[in-house]
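I have placed the structure first, in the form of structure tokens, so that the comments after it can refer back to it.
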Amino acid sequence: MKNFDWHNPYPSHRIPQFARNVVSTSHPLAAQAGLRMLLKGGNAIDAAIAAAATITLVEPVSCGLGSDCFAILWDGKELHGLNSSGVAPAAWNVEYFKAKYGTDANGLANQPKRGWDAVTVPGVVAGWAALHEKFGKLPFADLFEPAIEIAERGYAVPPVVAHKWAAAIDDLRDQPGYAQTFMPNGRAPKPGEHFRIPEAAYTLRRIAATGGRDYYEGEIAEKIVAFAKECGGAMTLDDLRNYKPDWVKPISKSYGGYELHEIPPNGQGIAALMALGICSHFDLANMKVDSIESQHVQIEAMKLAFSDLYRYVSDPRTMDVTPEQMLSDAYLQSRAKLIRLDRATQFEAGRPHAGGTIYLTAADENGMMISFIQSNYMGFGSGVVVPGTGISLQNRGVGFSMDPKSPNVVQGGKRPFHTIIPGFLTRGGKPVMSFGVMGGDMQPQGHLQTVIRMLDYHQQPQAACDAPRWKVNRDFTLDIESTMNRATVDGLQALGHKLKSVDDPYMDFGAGQFIWRMHESDNELGYVAASDPRRDGQAVGF
């Protein structure tokens with residue numbers, strides 16, 4: 001059992017939750033939906049699917065019935081990974097976007113951030129079905145009971161969701177179907193106002209009754225495709241019908257006697273592993289937890305990892321290098337040598353040698369644990385809502401490059417670079433923690449910072465979650481949370497880190513959920529769960 005320091009030095013309104021069966025999500029109603037399944041005799045997978053279906057309704061700013069998802073789970077014997085991110089419609093390529101949107105100053109095709117031409121095939125429903133088919137215990141239809149009830153009866157909108165909802169309105173009010181569904185009374189709901197999506201109940205019932213297939217080849221699929229055609233989108237029934245999620249082997253990196261596991265590309269989880277591998281060449285445990293020195297090393301490691309991530313990661317079928325090359329101990333050691341302790345550095349991509357989002361987690365008393373994440377990206381995703389269905393569609397097509405030389409160039413049937421990543425920690429081949437930190441580019445950074453706090457500094461999960469965070473931006477400037485020690489912030493600036501306040505009301509500094517397995521003996525199995533105070537979430541259990 002990890003010897004945590006249970007004192008929490010950071011301001012928080014939350015305490016860690018201890019139980020034999022736990023669910024932690026960014027919305028209380030979703031956590032309670034998962035708990036209902038556990039109380040009904042279901043397992044952690046059932047709980048996660050029920051929570052995931054519910055949160056499409058109660059946190060629509062982050063995900064919807066047109067999301068993508070990923071999962072890492074421990075089935076009691078081994079780890080499994082699921083990549084249920086969508087692929088581009090078959091019609092997409094660089095010429096498609098040039099013909100519709102023209103080119104920029106560099107001659108590259110312009111790419112819309114919203115609307116139908118940002119929508120790849122939604123993977124979330126297929127992901128739920130794949131998880132249930134392989135590991136579920138309760139009948140599939142039972143898992144949607146809480147979500148259907150909420151869709152029909154509605155709920156009171158919580159403060160953080162209301163704030164992020166209002167911030168999205170100006171960008172999305174004119175997208176097809178958006179205002180009719182998400183702007184009751186012509187605006188975003190205010191905190192405490194009642195909101196319902198009765199059309200989603202119809203969709204959820206069709207999903208429940210058909211094991212998800214109706215979404216890809218039945219009535220729901222036909223509604224999606226008809227609306228795409230009406231609006232000039234490229235998605236066809238064949239695009240939906242041919243989609244299948246992939247079971248994958250998680251990739252990992254050792255650190256301090258533990259192993260951190262992530263989903264392999266097309267996701268960005270490899271960046272967390274690379275940064276952690278780079279940090280392993282420094283004695284962080286002997287630096288003070290919130291010191292300038294410790295934060296500087298972590299920031300520089302993250303910058304190095306991002307330099308390679310943005311250069312190389314795409315659909316694995318088109319990558320120039322392999323994940324194994326990027327995670328090579330020798331390569332990461334060579335990257336670590338570039339870090340100077342006396343100043344910040346602007347790094348370029350190396351050359352490895354040849355050789356909007358919700359996160360939730362659940363664990364049960366039989367030892368099954370799941371790390372699950374789903375997202376519409378960019379707050380409400382594309383902004384497109386299919387009439388009569390309650391389906392709000394993601395905009396993951398934005399993850400493609402329009403540069404024909406890029407391994408991530410847009411192409412029909414290809415997965416784009418993806419930001420959402422579930423995390424999982426093991427020790428000696430045994431499960432330790434299912435966790436994740438949602439929030440765009442913040443996700444691998446949140447994984448790195450929270451794992452180091454727990455492993456090197458023995459901070460318990462809620463304290464590691466509550467601690468102030470920094471965020472490396474795409475231009476390698478730095479955002480720092482206002483609660484960070486002022487002397488540390490000044491010290492980082494003195495080293496040459498460029499601070500920049502990014503106006504990002506949706507992503508900000510991410511939000512995490514954590515479940516740590518407390519006992520080695522199955523006869524005394526128990527967990528401690530944490531939920532991030534940066535969202536409206538909750539950890540619950542019994």
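Residues in the structure tokens are numbered from 1 in each chain, the chains being A, B, ... in the order shown, and ligands are numbered from 1 in the order shown.
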* **Polymer residues at most 7 Å from range 506-516 of chain A, only C-alpha atoms, same-chain spacing of 6 or more positions, as a PyMOL selection string** => chain A and resi 24-25+164+356+359-361+379+432-440+442-443+461+465+469+471+527-532+534-535
Determine, counting only C-alpha atoms, which protein, DNA and RNA residues have an atom within 6 Å of an atom of range 61-69 of chain A; residues of the same chain fewer than 2 positions away are not included. Present the result as a short mmCIF file (atom, residue, chain, number, x, y, z; two decimals) with N, CA, C and O atoms, in the first residue's frame.
data_model
loop_
_atom_site.label_atom_id
_atom_site.label_comp_id
_atom_site.auth_asym_id
_atom_site.auth_seq_id
_atom_site.Cartn_x
_atom_site.Cartn_y
_atom_site.Cartn_z
N THR A 56 -23.44 12.52 -21.26
CA THR A 56 -23.71 13.18 -22.55
C THR A 56 -24.85 14.18 -22.42
O THR A 56 -24.94 15.13 -23.21
N GLU A 59 -23.54 17.03 -19.05
CA GLU A 59 -22.39 17.87 -19.34
C GLU A 59 -22.21 17.96 -20.86
O GLU A 59 -21.18 17.56 -21.41
N SER A 84 -11.81 3.87 -29.65
CA SER A 84 -13.07 4.06 -30.36
C SER A 84 -13.19 5.50 -30.85
O SER A 84 -14.20 6.15 -30.67
N SER A 85 -12.09 5.96 -31.46
CA SER A 85 -12.11 7.27 -32.11
C SER A 85 -12.51 7.07 -33.57
O SER A 85 -12.20 6.05 -34.18
N PRO A 122 -18.65 9.29 -35.49
CA PRO A 122 -18.66 9.21 -34.02
C PRO A 122 -18.39 7.78 -33.55
O PRO A 122 -19.03 6.83 -34.02
N GLY A 123 -17.48 7.64 -32.61
CA GLY A 123 -17.12 6.30 -32.15
C GLY A 123 -17.70 5.88 -30.82
O GLY A 123 -17.60 4.71 -30.43
N VAL A 124 -18.34 6.81 -30.09
CA VAL A 124 -18.65 6.53 -28.69
C VAL A 124 -19.65 5.40 -28.51
O VAL A 124 -19.48 4.54 -27.64
N TRP A 165 -21.07 26.63 -20.93
CA TRP A 165 -22.15 26.65 -21.92
C TRP A 165 -22.32 28.07 -22.48
O TRP A 165 -22.34 28.28 -23.70
N GLY A 356 -12.46 19.40 -25.19
CA GLY A 356 -13.56 19.34 -24.59
C GLY A 356 -13.98 18.10 -24.02
O GLY A 356 -14.61 17.32 -24.50
N THR A 357 -14.00 17.51 -23.29
CA THR A 357 -13.82 16.12 -22.89
C THR A 357 -14.36 15.85 -21.50
O THR A 357 -14.29 16.70 -20.63
N ILE A 358 -14.88 14.63 -21.28
CA ILE A 358 -15.15 14.18 -19.92
C ILE A 358 -14.29 12.95 -19.65
O ILE A 358 -14.01 12.16 -20.56
N ILE A 373 -12.67 7.73 -21.18
CA ILE A 373 -12.75 9.14 -21.56
C ILE A 373 -13.53 9.28 -22.87
O ILE A 373 -13.41 8.45 -23.77
N GLN A 374 -14.38 10.30 -22.94
CA GLN A 374 -15.13 10.57 -24.17
C GLN A 374 -15.24 12.08 -24.36
O GLN A 374 -15.21 12.83 -23.40
N SER A 375 -15.38 12.49 -25.63
CA SER A 375 -15.30 13.92 -25.88
C SER A 375 -15.95 14.31 -27.20
O SER A 375 -15.93 13.55 -28.17
N ASN A 376 -16.51 15.52 -27.22
CA ASN A 376 -16.93 16.17 -28.46
C ASN A 376 -15.88 17.15 -28.95
O ASN A 376 -16.01 17.69 -30.04
N GLY A 379 -15.61 22.08 -26.78
CA GLY A 379 -16.86 22.58 -26.22
C GLY A 379 -18.01 22.49 -27.19
O GLY A 379 -18.14 23.30 -28.10
N PHE A 380 -18.85 21.47 -27.05
CA PHE A 380 -19.96 21.16 -27.95
C PHE A 380 -19.50 20.68 -29.32
O PHE A 380 -20.30 20.50 -30.23
N ILE A 391 -28.51 14.24 -30.77
CA ILE A 391 -27.11 13.88 -31.04
C ILE A 391 -26.32 15.14 -31.39
O ILE A 391 -26.53 15.75 -32.44
N SER A 392 -25.40 15.54 -30.50
CA SER A 392 -24.47 16.62 -30.80
C SER A 392 -23.16 15.98 -31.23
O SER A 392 -22.64 15.09 -30.57
N LEU A 393 -22.63 16.44 -32.35
CA LEU A 393 -21.51 15.76 -33.01
C LEU A 393 -20.17 16.42 -32.73
O LEU A 393 -20.05 17.65 -32.69
N GLN A 394 -19.15 15.59 -32.55
CA GLN A 394 -17.79 16.08 -32.30
C GLN A 394 -17.21 16.78 -33.52
O GLN A 394 -17.76 16.71 -34.61
#
* To do: Within 10 Å of Asp308 in chain A, counting only C-alpha atoms, which residues show up once you throw out same-chain ones fewer than 3 positions away? Write them as a VMD selection string, please.
  => chain A and resid 270 to 271 274 303 to 305 311 to 313 326 347 to 352
* Give the strand (DSSP E) residues of range 73-137 of chain A, as assigned by DSSP on the backbone, as number ranges by chain. => A: 73-74, 79-84
* Using only C-alpha atoms, pick whichever of A:Asn110, A:Asn83, A:Asn21, A:Ser294 has the shortest atom-to-atom distance to Trp128 in chain A. =>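 With only C-alpha atoms as the atom set, the closest residue is A:Asn83.
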